[in-house]
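my_file_3.tsv follows (TSV, C-alpha atoms):
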```tsv
chain	number	residue	atom	x	y	z
A	218	MET	CA	0.00	0.00	0.00
A	219	SER	CA	1.14	3.51	-0.71
A	220	GLU	CA	0.62	6.76	1.14
A	221	THR	CA	-2.66	7.34	-0.74
A	222	ALA	CA	-4.22	4.71	1.48
A	223	GLY	CA	-4.16	6.96	4.55
A	224	ALA	CA	-5.25	10.59	4.00
A	225	GLY	CA	-8.60	12.11	2.99
A	226	SER	CA	-11.94	10.56	2.13
A	227	PHE	CA	-12.02	7.23	0.32
A	228	HIS	CA	-13.12	8.96	-2.90
A	229	GLU	CA	-10.25	11.48	-2.65
A	230	ARG	CA	-7.71	8.74	-1.99
A	231	VAL	CA	-8.88	6.72	-4.99
A	232	GLU	CA	-8.82	9.82	-7.22
A	233	THR	CA	-5.31	10.69	-6.01
A	234	TRP	CA	-4.17	7.13	-6.67
A	235	LEU	CA	-5.67	7.10	-10.17
A	236	THR	CA	-4.02	10.41	-11.06
A	237	ALA	CA	-0.63	9.23	-9.79
A	238	GLN	CA	-0.75	5.74	-11.30
A	239	MET	CA	-2.20	6.57	-14.68
A	240	PRO	CA	-0.44	9.65	-16.10
A	241	ILE	CA	-0.22	7.92	-19.45
A	242	ILE	CA	-4.01	8.21	-19.83
A	243	ARG	CA	-3.77	11.99	-19.97
A	244	SER	CA	-0.57	12.03	-22.02
A	245	HIS	CA	-2.36	10.04	-24.72
A	246	GLY	CA	-5.40	12.32	-24.81
A	247	GLY	CA	-7.58	10.32	-22.44
A	248	THR	CA	-9.46	11.43	-19.37
A	249	SER	CA	-10.21	9.65	-16.13
A	250	ALA	CA	-12.57	10.27	-13.24
A	251	VAL	CA	-13.71	8.40	-10.17
A	252	ARG	CA	-17.51	8.48	-10.37
A	253	LYS	CA	-18.10	6.40	-7.24
A	254	ALA	CA	-15.94	5.23	-4.37
A	255	ASP	CA	-18.07	3.79	-1.59
A	256	PRO	CA	-16.18	2.22	1.31
A	257	ALA	CA	-19.43	0.81	2.72
A	258	ASP	CA	-20.13	-1.53	-0.21
A	259	GLY	CA	-16.59	-1.52	-1.63
A	260	GLU	CA	-17.67	-0.43	-5.10
A	261	VAL	CA	-15.49	1.88	-7.18
A	262	VAL	CA	-16.61	3.19	-10.57
A	263	VAL	CA	-13.93	4.69	-12.79
A	264	GLU	CA	-14.83	6.40	-16.04
A	265	LEU	CA	-12.37	6.76	-18.90
A	266	GLY	CA	-13.04	9.03	-21.84
A	267	GLY	CA	-11.43	11.06	-24.57
A	268	ALA	CA	-8.98	9.00	-26.59
A	269	CYS	CA	-9.58	5.99	-24.31
A	270	SER	CA	-12.98	5.40	-25.94
A	271	GLY	CA	-11.52	4.06	-29.19
A	272	CYS	CA	-8.10	2.95	-28.01
A	273	GLY	CA	-7.05	-0.60	-28.76
A	274	ILE	CA	-5.38	-1.07	-25.39
A	275	SER	CA	-8.23	0.34	-23.30
A	276	PRO	CA	-9.32	-3.15	-22.16
A	277	ARG	CA	-5.81	-3.70	-20.83
A	278	THR	CA	-5.86	-0.33	-19.06
A	279	ALA	CA	-9.24	-1.18	-17.51
A	280	GLN	CA	-7.94	-4.53	-16.25
A	281	ARG	CA	-4.85	-2.88	-14.75
A	282	ILE	CA	-7.01	-0.34	-12.94
A	283	LYS	CA	-9.23	-3.10	-11.53
A	284	VAL	CA	-6.38	-5.27	-10.30
A	285	ASP	CA	-4.25	-2.45	-8.93
A	286	LEU	CA	-7.11	-0.69	-7.12
A	287	ALA	CA	-8.12	-3.92	-5.39
A	288	ALA	CA	-4.51	-4.49	-4.33
A	289	GLU	CA	-4.02	-0.92	-3.13
A	290	PHE	CA	-7.17	-0.40	-1.04
A	291	ASP	CA	-8.56	-2.90	1.46
A	292	GLU	CA	-12.03	-1.31	1.11
A	293	VAL	CA	-12.32	-2.22	-2.59
A	294	GLU	CA	-14.59	-5.17	-3.34
A	295	ASP	CA	-15.68	-4.39	-6.90
A	296	VAL	CA	-14.27	-2.10	-9.60
A	297	VAL	CA	-16.25	-1.07	-12.67
A	298	VAL	CA	-14.38	0.69	-15.46
A	299	ARG	CA	-16.60	2.27	-18.07
A	300	PHE	CA	-15.92	4.34	-21.15
A	301	THR	CA	-17.66	7.46	-22.42
A	302	ASP	CA	-18.05	8.43	-26.03
A	303	GLY	CA	-15.90	11.50	-25.45
A	304	ASP	CA	-18.67	14.10	-25.27
A	305	GLY	CA	-19.76	13.44	-21.70
A	306	GLY	CA	-22.81	11.45	-22.73
A	307	GLY	CA	-21.37	8.05	-21.97
A	308	TRP	CA	-22.77	5.14	-20.05
A	309	GLY	CA	-25.26	6.01	-17.37
A	310	GLY	CA	-24.86	4.62	-13.88
A	311	ASP	CA	-27.89	2.40	-14.47
A	312	GLN	CA	-26.54	1.07	-17.79
A	313	PRO	CA	-26.45	-2.74	-17.85
A	314	GLU	CA	-23.07	-4.46	-17.98
A	315	SER	CA	-23.84	-5.55	-21.51
A	316	TYR	CA	-25.78	-3.36	-23.89
A	317	MET	CA	-26.51	-4.58	-27.39
A	318	GLY	CA	-23.77	-7.18	-26.94
A	319	ILE	CA	-21.12	-4.60	-26.06
A	320	ASP	CA	-19.48	-5.10	-22.68
A	321	ARG	CA	-19.00	-1.63	-21.20
A	322	ASN	CA	-15.63	-2.71	-19.78
A	323	GLU	CA	-14.38	-3.23	-23.32
A	324	GLY	CA	-15.15	0.32	-24.34
A	325	GLY	CA	-17.49	-0.60	-27.16
A	326	ARG	CA	-16.37	-0.66	-30.74
A	327	GLY	CA	-14.59	2.70	-30.66
A	328	GLY	CA	-15.21	5.76	-32.74
A	329	ARG	CA	-18.47	7.62	-33.08
A	330	GLY	CA	-19.58	6.47	-36.52
A	331	GLU	CA	-19.26	9.93	-38.04
A	332	GLY	CA	-17.29	8.91	-41.13
A	333	SER	CA	-18.74	7.97	-44.48
A	334	PRO	CA	-17.27	6.56	-47.69
A	335	ASP	CA	-17.77	9.96	-49.35
A	336	SER	CA	-15.89	11.97	-46.74
A	337	ASP	CA	-12.33	13.18	-47.35
A	338	SER	CA	-11.12	11.60	-44.12
A	339	HIS	CA	-12.24	8.09	-45.00
A	340	PHE	CA	-9.20	5.82	-44.85
```
Please render this file's structure as structure tokens.
Amino acid sequence: MSETAGAGSFHERVETWLTAQMPIIRSHGGTSAVRKADPADGEVVVELGGACSGCGISPRTAQRIKVDLAAEFDEVEDVVVRFTDGDGGGWGGDQPESYMGIDRNEGGRGGRGEGSPDSDSHF
């Protein structure tokens, strides 16, 4: 355990840990936020957005967050990592784990479907 395990509220400690452990998220254009950190039920919800939404290694990042948070904080019983679509309108807290066959921990299929074969930016 590191020094983040001792000072401040549980939510603040988890946020501090995430910021310190995951600087690469921000350096690659991604964002991260702790949406829930409840020591009573042990649930932590982390939301990744920005470039994380379509990134090929986002499932690996999500798994690392889950494993490392559980190892770092005794209070943690369950970690949910979800991905937004980059505009703040991502998964709602009541969103099922699987929606239309897309596991929210996998970050969906990436992209926002804005391209078309006629656009200049297509491939």
Worksheet item: Which of these residues is nearest to Thr236 in chain A, using all atoms listed in the file: A:Gly267, A:Ile282, A:Asp255, A:Ser275?
Response: A:Ile282
Response to the item:
Shortest contact to His228 in chain A, candidates A:Phe290, A:Leu265, A:Ile241, A:Ala279, atoms counted only C-alpha atoms, goes to A:Phe290
Practice prompt. Can you pull out every residue within 10 Å of range 237-240 of chain A, counting only C-alpha atoms, but drop anything in the same chain fewer than 3 positions away, and send it as number ranges by chain?
Written response: A: 221, 231-234, 243-245, 247-249, 278, 281-282, 285-286
Worksheet entry | Interatomic distance (Å, one decimal) between CA of Glu229 in chain A and CA of Gln280 in chain A | 21.1 Å
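CA of Leu235 in chain A is found 8.1 Å from CA of Val251 in chain A.
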